[in-house]
>>> print(open('query.cif').read())   # mmCIF, N, CA and C atoms
data_protein
#
loop_
_atom_site.group_PDB
_atom_site.id
_atom_site.type_symbol
_atom_site.label_atom_id
_atom_site.label_comp_id
_atom_site.auth_asym_id
_atom_site.auth_seq_id
_atom_site.Cartn_x
_atom_site.Cartn_y
_atom_site.Cartn_z
ATOM 1 N N MET N 1 -75.133 -152.680 -42.739
ATOM 2 C CA MET N 1 -75.386 -151.286 -42.437
ATOM 3 C C MET N 1 -75.939 -151.178 -41.014
ATOM 4 N N LYS N 2 -75.344 -150.318 -40.210
ATOM 5 C CA LYS N 2 -75.740 -150.152 -38.820
ATOM 6 C C LYS N 2 -76.935 -149.198 -38.725
ATOM 7 N N LYS N 3 -77.966 -149.631 -38.000
ATOM 8 C CA LYS N 3 -79.141 -148.794 -37.814
ATOM 9 C C LYS N 3 -78.861 -147.837 -36.656
ATOM 10 N N MET N 4 -78.982 -146.552 -36.906
ATOM 11 C CA MET N 4 -78.692 -145.542 -35.892
ATOM 12 C C MET N 4 -79.986 -145.150 -35.182
ATOM 13 N N SER N 5 -79.861 -144.903 -33.883
ATOM 14 C CA SER N 5 -80.996 -144.373 -33.133
ATOM 15 C C SER N 5 -80.456 -143.483 -32.023
ATOM 16 N N TYR N 6 -81.238 -142.487 -31.648
ATOM 17 C CA TYR N 6 -80.818 -141.509 -30.650
ATOM 18 C C TYR N 6 -81.631 -141.728 -29.379
ATOM 19 N N THR N 7 -80.959 -141.707 -28.238
ATOM 20 C CA THR N 7 -81.611 -141.867 -26.946
ATOM 21 C C THR N 7 -81.218 -140.711 -26.052
ATOM 22 N N TYR N 8 -82.186 -140.159 -25.327
ATOM 23 C CA TYR N 8 -81.937 -139.074 -24.388
ATOM 24 C C TYR N 8 -82.587 -139.441 -23.059
ATOM 25 N N GLU N 9 -81.789 -139.735 -22.067
ATOM 26 C CA GLU N 9 -82.241 -140.060 -20.707
ATOM 27 C C GLU N 9 -83.391 -141.068 -20.695
ATOM 28 N N GLY N 10 -83.237 -142.147 -21.451
ATOM 29 C CA GLY N 10 -84.236 -143.208 -21.483
ATOM 30 C C GLY N 10 -85.337 -143.029 -22.513
ATOM 31 N N TRP N 11 -85.372 -141.884 -23.184
ATOM 32 C CA TRP N 11 -86.365 -141.613 -24.237
ATOM 33 C C TRP N 11 -85.732 -141.909 -25.580
ATOM 34 N N ASN N 12 -86.404 -142.702 -26.426
ATOM 35 C CA ASN N 12 -85.929 -143.001 -27.773
ATOM 36 C C ASN N 12 -86.564 -142.036 -28.766
ATOM 37 N N LEU N 13 -85.767 -141.637 -29.761
ATOM 38 C CA LEU N 13 -86.263 -140.728 -30.800
ATOM 39 C C LEU N 13 -86.836 -141.542 -31.954
ATOM 40 N N TYR N 14 -88.058 -141.206 -32.351
ATOM 41 C CA TYR N 14 -88.733 -141.852 -33.476
ATOM 42 C C TYR N 14 -89.085 -140.796 -34.515
ATOM 43 N N CYS N 15 -89.258 -141.246 -35.756
ATOM 44 C CA CYS N 15 -89.691 -140.337 -36.816
ATOM 45 C C CYS N 15 -90.671 -141.055 -37.730
ATOM 46 N N LYS N 16 -91.491 -140.255 -38.403
ATOM 47 C CA LYS N 16 -92.396 -140.790 -39.419
ATOM 48 C C LYS N 16 -92.743 -139.676 -40.384
ATOM 49 N N ASP N 17 -93.094 -140.069 -41.595
ATOM 50 C CA ASP N 17 -93.503 -139.123 -42.622
ATOM 51 C C ASP N 17 -95.022 -139.037 -42.623
ATOM 52 N N VAL N 18 -95.530 -137.816 -42.593
ATOM 53 C CA VAL N 18 -96.978 -137.597 -42.597
ATOM 54 C C VAL N 18 -97.358 -136.780 -43.826
ATOM 55 N N GLY N 19 -98.569 -136.992 -44.298
ATOM 56 C CA GLY N 19 -99.069 -136.256 -45.453
ATOM 57 C C GLY N 19 -99.772 -134.983 -45.024
ATOM 58 N N LEU N 20 -99.497 -133.900 -45.744
ATOM 59 C CA LEU N 20 -100.127 -132.616 -45.481
ATOM 60 C C LEU N 20 -101.007 -132.237 -46.659
ATOM 61 N N ARG N 21 -101.709 -131.133 -46.525
ATOM 62 C CA ARG N 21 -102.527 -130.638 -47.638
ATOM 63 C C ARG N 21 -101.632 -130.359 -48.840
ATOM 64 N N GLY N 22 -102.214 -130.490 -50.007
ATOM 65 C CA GLY N 22 -101.470 -130.222 -51.230
ATOM 66 C C GLY N 22 -100.490 -131.333 -51.563
ATOM 67 N N ASP N 23 -100.730 -132.528 -51.066
ATOM 68 C CA ASP N 23 -99.883 -133.697 -51.333
ATOM 69 C C ASP N 23 -98.433 -133.503 -50.922
ATOM 70 N N ARG N 24 -98.217 -132.707 -49.867
ATOM 71 C CA ARG N 24 -96.854 -132.516 -49.355
ATOM 72 C C ARG N 24 -96.588 -133.540 -48.257
ATOM 73 N N GLN N 25 -95.338 -133.919 -48.125
ATOM 74 C CA GLN N 25 -94.901 -134.841 -47.078
ATOM 75 C C GLN N 25 -93.987 -134.097 -46.117
ATOM 76 N N GLN N 26 -94.114 -134.397 -44.826
ATOM 77 C CA GLN N 26 -93.248 -133.786 -43.824
ATOM 78 C C GLN N 26 -92.845 -134.855 -42.819
ATOM 79 N N ARG N 27 -91.591 -134.842 -42.416
ATOM 80 C CA ARG N 27 -91.094 -135.777 -41.417
ATOM 81 C C ARG N 27 -91.260 -135.151 -40.037
ATOM 82 N N ILE N 28 -91.864 -135.896 -39.127
ATOM 83 C CA ILE N 28 -91.997 -135.430 -37.755
ATOM 84 C C ILE N 28 -91.155 -136.326 -36.848
ATOM 85 N N TYR N 29 -90.646 -135.731 -35.769
ATOM 86 C CA TYR N 29 -89.813 -136.431 -34.800
ATOM 87 C C TYR N 29 -90.499 -136.368 -33.448
ATOM 88 N N TYR N 30 -90.415 -137.451 -32.687
ATOM 89 C CA TYR N 30 -91.001 -137.474 -31.353
ATOM 90 C C TYR N 30 -90.248 -138.481 -30.487
ATOM 91 N N PHE N 31 -90.301 -138.268 -29.174
ATOM 92 C CA PHE N 31 -89.647 -139.143 -28.219
ATOM 93 C C PHE N 31 -90.690 -140.048 -27.567
ATOM 94 N N SER N 32 -90.282 -141.287 -27.274
ATOM 95 C CA SER N 32 -91.151 -142.226 -26.588
ATOM 96 C C SER N 32 -90.300 -143.215 -25.797
ATOM 97 N N LYS N 33 -90.814 -143.640 -24.654
ATOM 98 C CA LYS N 33 -90.123 -144.661 -23.872
ATOM 99 C C LYS N 33 -90.553 -146.062 -24.306
ATOM 100 N N ARG N 34 -91.718 -146.159 -24.924
ATOM 101 C CA ARG N 34 -92.236 -147.437 -25.418
ATOM 102 C C ARG N 34 -92.232 -147.432 -26.938
ATOM 103 N N LYS N 35 -92.453 -148.593 -27.536
ATOM 104 C CA LYS N 35 -92.548 -148.680 -28.991
ATOM 105 C C LYS N 35 -93.898 -148.129 -29.417
ATOM 106 N N PRO N 36 -93.915 -147.061 -30.230
ATOM 107 C CA PRO N 36 -95.188 -146.486 -30.686
ATOM 108 C C PRO N 36 -95.850 -147.355 -31.765
ATOM 109 N N LYS N 37 -97.125 -147.066 -32.038
ATOM 110 C CA LYS N 37 -97.857 -147.817 -33.058
ATOM 111 C C LYS N 37 -97.271 -147.603 -34.448
ATOM 112 N N SER N 38 -96.769 -146.404 -34.707
ATOM 113 C CA SER N 38 -96.173 -146.119 -36.012
ATOM 114 C C SER N 38 -94.892 -145.332 -35.813
ATOM 115 N N GLY N 39 -94.050 -145.354 -36.816
ATOM 116 C CA GLY N 39 -92.776 -144.660 -36.749
ATOM 117 C C GLY N 39 -91.634 -145.634 -36.524
ATOM 118 N N ILE N 40 -90.416 -145.161 -36.812
ATOM 119 C CA ILE N 40 -89.222 -145.975 -36.655
ATOM 120 C C ILE N 40 -88.196 -145.204 -35.834
ATOM 121 N N LYS N 41 -87.310 -145.934 -35.155
ATOM 122 C CA LYS N 41 -86.231 -145.284 -34.423
ATOM 123 C C LYS N 41 -85.327 -144.588 -35.427
ATOM 124 N N CYS N 42 -84.851 -143.405 -35.071
ATOM 125 C CA CYS N 42 -84.001 -142.669 -35.989
ATOM 126 C C CYS N 42 -82.938 -141.885 -35.227
ATOM 127 N N ASP N 43 -81.983 -141.361 -35.957
ATOM 128 C CA ASP N 43 -80.902 -140.572 -35.397
ATOM 129 C C ASP N 43 -81.314 -139.104 -35.362
ATOM 130 N N LYS N 44 -80.727 -138.334 -34.464
ATOM 131 C CA LYS N 44 -81.027 -136.905 -34.339
ATOM 132 C C LYS N 44 -80.453 -136.162 -35.544
ATOM 133 N N PRO N 45 -81.250 -135.324 -36.205
ATOM 134 C CA PRO N 45 -80.735 -134.532 -37.324
ATOM 135 C C PRO N 45 -79.659 -133.550 -36.845
ATOM 136 N N ASN N 46 -78.704 -133.238 -37.712
ATOM 137 C CA ASN N 46 -77.592 -132.343 -37.356
ATOM 138 C C ASN N 46 -78.042 -130.932 -37.032
ATOM 139 N N ASN N 47 -79.141 -130.469 -37.635
ATOM 140 C CA ASN N 47 -79.585 -129.086 -37.427
ATOM 141 C C ASN N 47 -80.565 -128.941 -36.262
ATOM 142 N N MET N 48 -80.661 -129.961 -35.414
ATOM 143 C CA MET N 48 -81.592 -129.945 -34.285
ATOM 144 C C MET N 48 -80.847 -130.200 -32.978
ATOM 145 N N GLU N 49 -81.446 -129.697 -31.879
ATOM 146 C CA GLU N 49 -80.923 -129.966 -30.549
ATOM 147 C C GLU N 49 -82.084 -130.376 -29.646
ATOM 148 N N VAL N 50 -81.761 -131.002 -28.533
ATOM 149 C CA VAL N 50 -82.798 -131.472 -27.616
ATOM 150 C C VAL N 50 -83.089 -130.399 -26.584
ATOM 151 N N GLY N 51 -84.359 -130.118 -26.385
ATOM 152 C CA GLY N 51 -84.819 -129.240 -25.321
ATOM 153 C C GLY N 51 -85.693 -130.066 -24.389
ATOM 154 N N VAL N 52 -85.904 -129.576 -23.181
ATOM 155 C CA VAL N 52 -86.749 -130.278 -22.217
ATOM 156 C C VAL N 52 -87.814 -129.312 -21.712
ATOM 157 N N ASN N 53 -89.065 -129.743 -21.764
ATOM 158 C CA ASN N 53 -90.171 -128.944 -21.261
ATOM 159 C C ASN N 53 -90.028 -128.813 -19.757
ATOM 160 N N LYS N 54 -89.974 -127.592 -19.249
ATOM 161 C CA LYS N 54 -89.731 -127.349 -17.822
ATOM 162 C C LYS N 54 -90.875 -127.842 -16.947
ATOM 163 N N MET N 55 -92.094 -127.798 -17.445
ATOM 164 C CA MET N 55 -93.238 -128.218 -16.624
ATOM 165 C C MET N 55 -93.426 -129.733 -16.601
ATOM 166 N N THR N 56 -93.261 -130.389 -17.765
ATOM 167 C CA THR N 56 -93.535 -131.820 -17.855
ATOM 168 C C THR N 56 -92.287 -132.687 -17.810
ATOM 169 N N GLY N 57 -91.134 -132.104 -18.139
ATOM 170 C CA GLY N 57 -89.896 -132.879 -18.187
ATOM 171 C C GLY N 57 -89.731 -133.702 -19.448
ATOM 172 N N LEU N 58 -90.624 -133.500 -20.429
ATOM 173 C CA LEU N 58 -90.559 -134.257 -21.676
ATOM 174 C C LEU N 58 -89.562 -133.622 -22.643
ATOM 175 N N PRO N 59 -88.736 -134.450 -23.296
ATOM 176 C CA PRO N 59 -87.794 -133.910 -24.277
ATOM 177 C C PRO N 59 -88.483 -133.632 -25.616
ATOM 178 N N TYR N 60 -87.916 -132.692 -26.371
ATOM 179 C CA TYR N 60 -88.402 -132.379 -27.707
ATOM 180 C C TYR N 60 -87.230 -131.886 -28.545
ATOM 181 N N LEU N 61 -87.383 -131.860 -29.856
ATOM 182 C CA LEU N 61 -86.338 -131.347 -30.757
ATOM 183 C C LEU N 61 -86.670 -129.930 -31.168
ATOM 184 N N ARG N 62 -85.643 -129.108 -31.297
ATOM 185 C CA ARG N 62 -85.803 -127.737 -31.795
ATOM 186 C C ARG N 62 -84.622 -127.421 -32.690
ATOM 187 N N LYS N 63 -84.856 -126.510 -33.641
ATOM 188 C CA LYS N 63 -83.788 -126.120 -34.566
ATOM 189 C C LYS N 63 -82.707 -125.367 -33.813
ATOM 190 N N ILE N 64 -81.462 -125.580 -34.213
ATOM 191 C CA ILE N 64 -80.331 -124.894 -33.614
ATOM 192 C C ILE N 64 -80.301 -123.455 -34.124
ATOM 193 N N ARG N 65 -80.195 -122.522 -33.199
ATOM 194 C CA ARG N 65 -80.104 -121.103 -33.575
ATOM 195 C C ARG N 65 -78.655 -120.784 -33.914
ATOM 196 N N ASN N 66 -78.462 -119.958 -34.918
ATOM 197 C CA ASN N 66 -77.098 -119.553 -35.313
ATOM 198 C C ASN N 66 -76.728 -118.242 -34.693
#
>>> encode(input="query.cif", output="structure tokens")
Amino acid sequence: MKKMSYTYEGWNLYCKDVGLRGDRQQRIYYFSKRKPKSGIKCDKPNNMEVGVNKMTGLPYLRKIRN
């Protein structure tokens, strides 16, 4: 099985599951150029697109508008 990962201009996409109040779990996505302490490389979800912060130049994911 091939492990998929998404890269945007040298930034790798990582994801991890975090616990919220009420014992809920939520997956968060973030970009990093280095290997973070936690999280795994992952593929970009189909319902998301990459945006870039105009002030910092950092990429982020946002939901695709219909």
>>> resolve_selection(input="query.cif", expression="the PyMOL selection byres (((chain N and resi 11 and name CA) around 12) and name CA)", output="MDAnalysis selection string")
chainID N and resid 5:10 12:14 30:36 41 50 52 57:60
>>> select_by_dssp(input="query.cif", residues="chain N", states="strand (DSSP E)", output="ChimeraX atom specification")
/N:7-8,11-20,24-32,40-41,48-52,59-63
>>> atom_distance(input="query.cif", atom1="CA of Leu61 in chain N", atom2="CA of Met48 in chain N")
6.1 Å
>>> atom_distance(input="query.cif", atom1="CA of Ile40 in chain N", atom2="CA of Lys63 in chain N")
20.7 Å
>>> atom_distance(input="query.cif", atom1="CA of Leu20 in chain N", atom2="CA of Asn53 in chain N")
26.4 Å
